[in-house]
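Printed here is my_file35.txt (compact mmCIF, C-alpha atoms):
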# COMPACT_ATOMS: atom_id res chain seq x y z
CA LEU A 1255 20.01 -39.44 19.57
CA ILE A 1256 16.70 -37.89 20.66
CA ILE A 1257 18.52 -34.91 22.17
CA SER A 1258 20.53 -34.55 18.98
CA ASN A 1259 17.37 -34.50 16.85
CA LEU A 1260 15.73 -31.93 19.12
CA TYR A 1261 18.80 -29.71 18.87
CA ALA A 1262 18.82 -29.99 15.08
CA ALA A 1263 15.14 -29.06 14.93
CA LYS A 1264 15.76 -26.03 17.11
CA VAL A 1265 18.70 -24.88 15.01
CA THR A 1266 16.83 -25.17 11.70
CA GLU A 1267 13.65 -23.48 12.94
CA PRO A 1268 12.94 -20.54 10.57
CA GLN A 1269 13.10 -17.03 12.02
CA PRO A 1270 10.05 -14.76 11.66
CA LEU A 1271 10.26 -12.13 8.94
CA SER A 1272 10.93 -8.52 9.88
CA ARG A 1273 8.43 -5.83 8.84
CA TYR A 1274 10.75 -4.87 5.97
CA GLU A 1275 11.09 -8.48 4.80
CA THR A 1276 7.34 -9.03 5.15
CA THR A 1277 6.62 -5.96 3.05
CA GLN A 1278 9.09 -6.95 0.35
CA LYS A 1279 7.70 -10.49 0.18
CA ALA A 1280 4.13 -9.17 0.08
CA ILE A 1281 5.02 -6.91 -2.85
CA SER A 1282 6.96 -9.57 -4.77
CA ASP A 1283 4.14 -12.12 -4.27
CA TRP A 1284 1.27 -9.59 -4.62
CA ASN A 1285 0.06 -10.97 -1.28
CA LEU A 1286 -2.39 -8.66 0.48
CA THR A 1287 -2.75 -11.12 3.34
CA LEU A 1288 0.86 -10.43 4.29
CA CYS A 1289 0.12 -6.69 4.20
CA GLU A 1290 -2.63 -7.24 6.77
CA THR A 1291 -0.13 -8.78 9.20
CA LEU A 1292 1.69 -5.43 9.36
CA GLY A 1293 -1.07 -3.88 11.41
CA GLY A 1294 -2.71 -0.47 11.04
CA ARG A 1295 0.05 1.30 9.12
CA ASN A 1296 0.02 -0.92 6.03
CA VAL A 1297 -0.96 1.61 3.36
CA ASP A 1298 2.55 1.54 1.86
CA CYS A 1299 2.31 -2.22 1.38
CA TYR A 1300 -1.09 -2.02 -0.33
CA ALA A 1301 -0.04 0.95 -2.45
CA ASP A 1302 3.19 -0.67 -3.60
CA ILE A 1303 1.34 -3.81 -4.67
CA ALA A 1304 -1.27 -1.66 -6.44
CA LYS A 1305 1.52 0.17 -8.28
CA VAL A 1306 3.30 -3.03 -9.32
CA ALA A 1307 0.02 -4.68 -10.35
CA THR A 1308 -1.20 -1.42 -11.95
CA ASP A 1309 -4.52 -2.09 -10.24
CA VAL A 1310 -5.87 0.83 -8.22
CA GLN A 1311 -8.77 -1.32 -6.99
CA ILE A 1312 -6.33 -2.86 -4.53
CA CYS A 1313 -6.53 0.45 -2.64
CA ASP A 1314 -10.27 -0.14 -2.25
CA LYS A 1315 -9.50 -3.11 -0.01
CA LEU A 1316 -7.84 -0.94 2.60
CA PRO A 1317 -9.96 -0.42 5.72
CA GLY A 1318 -8.57 3.12 5.94
CA HIS A 1319 -6.05 5.43 4.23
CA LYS A 1320 -7.67 4.74 0.84
CA SER A 1321 -7.06 8.25 -0.46
CA GLU A 1322 -3.39 8.13 0.50
CA CYS A 1323 -3.13 4.89 -1.45
CA TYR A 1324 -4.82 6.57 -4.47
CA TYR A 1325 -2.32 9.45 -4.20
CA ARG A 1326 0.61 7.04 -4.31
CA VAL A 1327 -0.67 5.02 -7.25
CA ALA A 1328 -1.74 8.14 -9.17
CA SER A 1329 1.66 9.78 -8.67
CA LEU A 1330 3.53 6.74 -9.96
CA GLY A 1331 1.53 6.53 -13.18
CA ARG A 1332 0.89 10.27 -13.39
CA ASN A 1333 -2.72 9.29 -13.94
CA ASP A 1334 -5.09 12.08 -12.98
CA GLU A 1335 -8.16 9.89 -13.57
CA ILE A 1336 -7.34 8.06 -10.33
CA CYS A 1337 -7.84 11.37 -8.50
CA ASN A 1338 -11.56 11.06 -9.23
CA LYS A 1339 -11.64 8.24 -6.67
CA VAL A 1340 -10.56 10.63 -3.92
CA ASN A 1341 -13.84 11.62 -2.27
CA GLU A 1342 -12.56 12.61 1.15
CA ASN A 1343 -13.02 16.37 1.18
CA ILE A 1344 -10.76 16.82 4.17
CA VAL A 1345 -7.58 18.76 4.85
CA LEU A 1346 -5.06 16.09 3.93
CA TYR A 1347 -6.79 14.30 1.08
CA ASN A 1348 -8.89 15.93 -1.61
CA LYS A 1349 -9.19 15.79 -5.37
CA GLU A 1350 -7.50 19.16 -6.02
CA THR A 1351 -4.41 18.13 -4.07
CA CYS A 1352 -4.25 14.81 -5.91
CA LEU A 1353 -4.46 16.63 -9.25
CA SER A 1354 -1.80 19.10 -8.07
CA ILE A 1355 0.58 16.22 -7.34
CA ILE A 1356 0.14 14.89 -10.88
CA ARG A 1357 0.55 18.38 -12.39
CA ALA A 1358 3.71 19.00 -10.38
CA LEU A 1359 5.18 15.73 -11.61
CA LYS A 1360 4.39 16.81 -15.18
CA GLY A 1361 5.88 20.26 -14.63
CA GLU A 1362 2.49 21.95 -14.90
CA GLN A 1363 0.78 24.59 -12.78
CA ILE A 1364 -0.60 23.18 -9.53
CA LEU A 1365 -4.07 23.92 -8.14
CA CYS A 1366 -3.33 24.59 -4.47
CA ASN A 1367 -4.21 28.28 -4.74
CA VAL A 1368 -7.80 27.52 -5.79
CA LEU A 1369 -8.58 25.73 -2.53
CA ARG A 1370 -11.00 27.70 -0.39
CA THR A 1371 -8.99 28.12 2.84
CA GLY A 1372 -5.40 28.89 3.74
CA GLN A 1373 -5.16 25.65 5.69
CA LEU A 1374 -6.20 23.59 2.66
CA GLN A 1375 -3.68 25.48 0.52
CA ARG A 1376 -0.90 24.81 3.02
CA GLU A 1377 -1.73 21.12 3.25
CA CYS A 1378 -1.89 20.95 -0.53
CA LEU A 1379 1.65 22.34 -0.87
CA PHE A 1380 2.79 20.03 1.91
CA ASN A 1381 1.42 16.96 0.11
CA VAL A 1382 2.69 18.04 -3.30
CA ALA A 1383 6.18 18.36 -1.81
CA SER A 1384 5.86 14.99 -0.07
CA PHE A 1385 4.64 12.97 -3.02
CA THR A 1386 6.86 14.58 -5.67
CA GLY A 1387 10.07 15.03 -3.67
CA LYS A 1388 10.35 18.60 -4.98
CA THR A 1389 11.72 20.79 -2.20
CA GLU A 1390 10.71 24.06 -3.88
CA TYR A 1391 7.17 23.46 -2.66
CA CYS A 1392 8.48 23.47 0.92
CA ASP A 1393 9.89 26.94 0.18
CA GLN A 1394 6.51 28.08 -1.18
CA LEU A 1395 4.88 26.73 1.96
CA VAL A 1396 7.12 28.87 4.15
CA ILE A 1397 6.31 31.99 2.12
CA LEU A 1398 2.58 31.27 2.30
CA THR A 1399 2.68 30.83 6.07
CA LYS A 1400 5.14 33.56 7.09
CA ASP A 1401 2.54 35.31 9.25
CA ILE A 1402 1.26 32.15 10.93
CA SER A 1403 2.32 31.12 14.42
CA LYS A 1404 5.50 29.06 14.40
CA ASN A 1405 3.83 26.80 16.97
CA ASP A 1406 2.23 25.05 14.02
CA PRO A 1407 4.90 22.51 12.94
CA ILE A 1408 3.55 22.10 9.44
CA VAL A 1409 4.56 25.64 8.48
CA THR A 1410 8.26 24.89 8.94
CA ARG A 1411 10.51 23.98 6.06
CA GLY A 1412 12.18 21.40 8.28
CA TYR A 1413 9.02 19.39 8.87
CA CYS A 1414 8.15 19.57 5.18
CA LEU A 1415 11.58 18.14 4.29
CA GLU A 1416 11.19 15.43 6.91
CA ARG A 1417 7.90 14.40 5.34
CA ILE A 1418 9.55 14.28 1.89
CA ALA A 1419 12.29 12.05 3.32
CA GLU A 1420 9.69 9.73 4.84
CA THR A 1421 7.40 9.57 1.81
CA GLN A 1422 10.22 9.21 -0.71
CA LYS A 1423 12.07 6.80 1.62
CA ASN A 1424 15.27 8.77 1.08
CA ILE A 1425 17.41 9.91 4.02
CA SER A 1426 19.37 12.37 1.88
CA PHE A 1427 16.51 14.86 2.42
CA CYS A 1428 17.32 14.78 6.16
CA ASP A 1429 20.62 16.50 5.32
CA LEU A 1430 18.71 19.48 3.88
CA VAL A 1431 16.92 20.36 7.10
CA GLU A 1432 18.42 23.48 8.67
CA ASP A 1433 15.83 24.46 11.29
CA TRP A 1434 15.84 21.40 13.53
CA GLU A 1435 14.85 23.50 16.54
CA LYS A 1436 11.47 24.15 14.89
CA SER A 1437 10.98 20.53 13.92
CA PRO A 1438 8.76 18.11 15.87
CA ILE A 1439 11.59 15.57 15.76
CA ASN A 1440 14.24 18.13 16.71
CA GLU A 1441 17.17 16.09 15.42
CA LYS A 1442 18.49 14.58 12.22
CA ASP A 1443 18.61 11.13 13.80
CA GLY A 1444 14.85 11.30 14.30
CA CYS A 1445 14.36 12.07 10.62
CA ILE A 1446 16.41 9.03 9.65
CA GLU A 1447 14.48 6.94 12.16
CA ARG A 1448 11.18 7.92 10.52
CA VAL A 1449 12.50 6.97 7.07
CA ALA A 1450 13.75 3.63 8.40
CA THR A 1451 10.39 2.97 10.05
CA SER A 1452 8.28 3.94 7.05
CA SER A 1453 10.40 1.82 4.68
CA TYR A 1454 10.85 -1.05 7.15
CA ASP A 1455 14.58 -0.88 6.40
CA VAL A 1456 16.62 -1.56 9.52
CA SER A 1457 19.88 -1.00 7.63
CA LEU A 1458 19.16 2.76 7.62
CA CYS A 1459 19.62 2.76 11.39
CA ASN A 1460 23.37 2.52 10.72
CA PHE A 1461 23.27 6.20 9.71
CA ILE A 1462 21.91 7.24 13.12
CA ASN A 1463 24.50 8.73 15.49
CA SER A 1464 22.57 8.53 18.74
CA VAL A 1465 22.94 5.11 20.36
CA GLU A 1466 19.63 5.58 22.20
CA THR A 1467 17.74 6.37 18.99
CA LYS A 1468 19.46 3.59 17.07
CA ASP A 1469 18.48 0.98 19.66

Render the structure in this file as structure tokens.
Amino acid sequence: LIISNLYAAKVTEPQPLSRYETTQKAISDWNLTLCETLGGRNVDCYADIAKVATDVQICDKLPGHKSECYYRVASLGRNDEICNKVNENIVLYNKETCLSIIRALKGEQILCNVLRTGQLQRECLFNVASFTGKTEYCDQLVILTKDISKNDPIVTRGYCLERIAETQKNISFCDLVEDWEKSPINEKDGCIERVATSSYDVSLCNFINSVETKD
């Protein structure tokens, strides 16, 4: 009888949640504590809760990646006032890029060309493409950087499309990449893997051809 009870307890023991399941539960319950269990790369979890709760102050609780969280919340609500919270005057995250994302979503003129250096302009286009899912900005990026060394992966259309796929959590963008040889990932399977990882969705691994990558 004792052995039987031990066996029953072992069978009914709940399995730990996957990263995807943890994220979904955190969002549905508005539970930031669950987001913290995801480790360093938890900005998506915080941002998604902030978007659902329409409370940008949730981004303030992040130990890092605050500006990326502001970008995500601002782009969902097309609220350019949130861009005023972006005070990191660095390559990836700055107020002008945040405003450009909102303008692109509204079909208005973006501000990337007013940024003071070519690198800032390139990163601005890169982020506008990523956060809006509009591939035409990847094309503009290629034109802007045609004279720059191809050793810089960010100047390639392929890497720009990969970033869109990852940010938008949509593997269909991986099908648009034509210059895999210039891409840091160098294969479509790697693009899908990044989307699966960023969205914590293991089911996307079924679209990966390489057994090694899938495992």

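Look at Phe1461 (chain A): the protein and nucleic acid residues within 10 Å of it, using all atoms listed in the file and passing over chain neighbours fewer than 6 places away, are Ile1425, Lys1442, Asp1443, Ile1446, Glu1447, Ala1450 and Lys1468 of chain A.
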
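We find CA of Leu1353 (chain A) and CA of Phe1385 (chain A) to be spaced 11.6 Å apart.
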
Next item on the list: Could you give me, as a ChimeraX atom specification, the residues within 9 Å of region 1315-1331 of chain A, counting all atoms listed in the file and dropping anything in the same chain fewer than 2 positions from it?
Entry: /A:1294-1298,1300-1302,1304-1305,1308-1313,1333-1337,1339-1342,1346-1348,1351-1353,1355-1356,1359,1385-1386

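With distances taken over all atoms listed in the file, A:Cys1299 is the one residue among A:Ile1462, A:Leu1374, A:Ser1452, A:Cys1299 lying closest to Ser1282 (chain A).
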
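The space between CA of Asn1381 (chain A) and CA of Cys1445 (chain A) spans 17.4 Å.
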
Notebook entry, point to check: What gap, in Å, lies between CA of Val1368 (chain A) and CA of Tyr1391 (chain A)?
Noted result: 15.8 Å

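Ranking A:Ile1397, A:Leu1458, A:Cys1414, A:Val1382 by their shortest atom-to-atom distance to Gly1361 (chain A), with all atoms listed in the file included, puts A:Val1382 first.
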
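Of the residues under consideration (A:Ile1281, A:Lys1388, A:Cys1366, A:Thr1287), A:Lys1388 shows the shortest atom-to-atom contact distance to Gln1422 (chain A) when counting all atoms listed in the file.
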
Next item on the list: Between A:Ala1383, A:Leu1398, A:Asp1429, A:Leu1288, single out the one closest to Asn1367 (chain A), counting all atoms listed in the file.
Entry: A:Leu1398
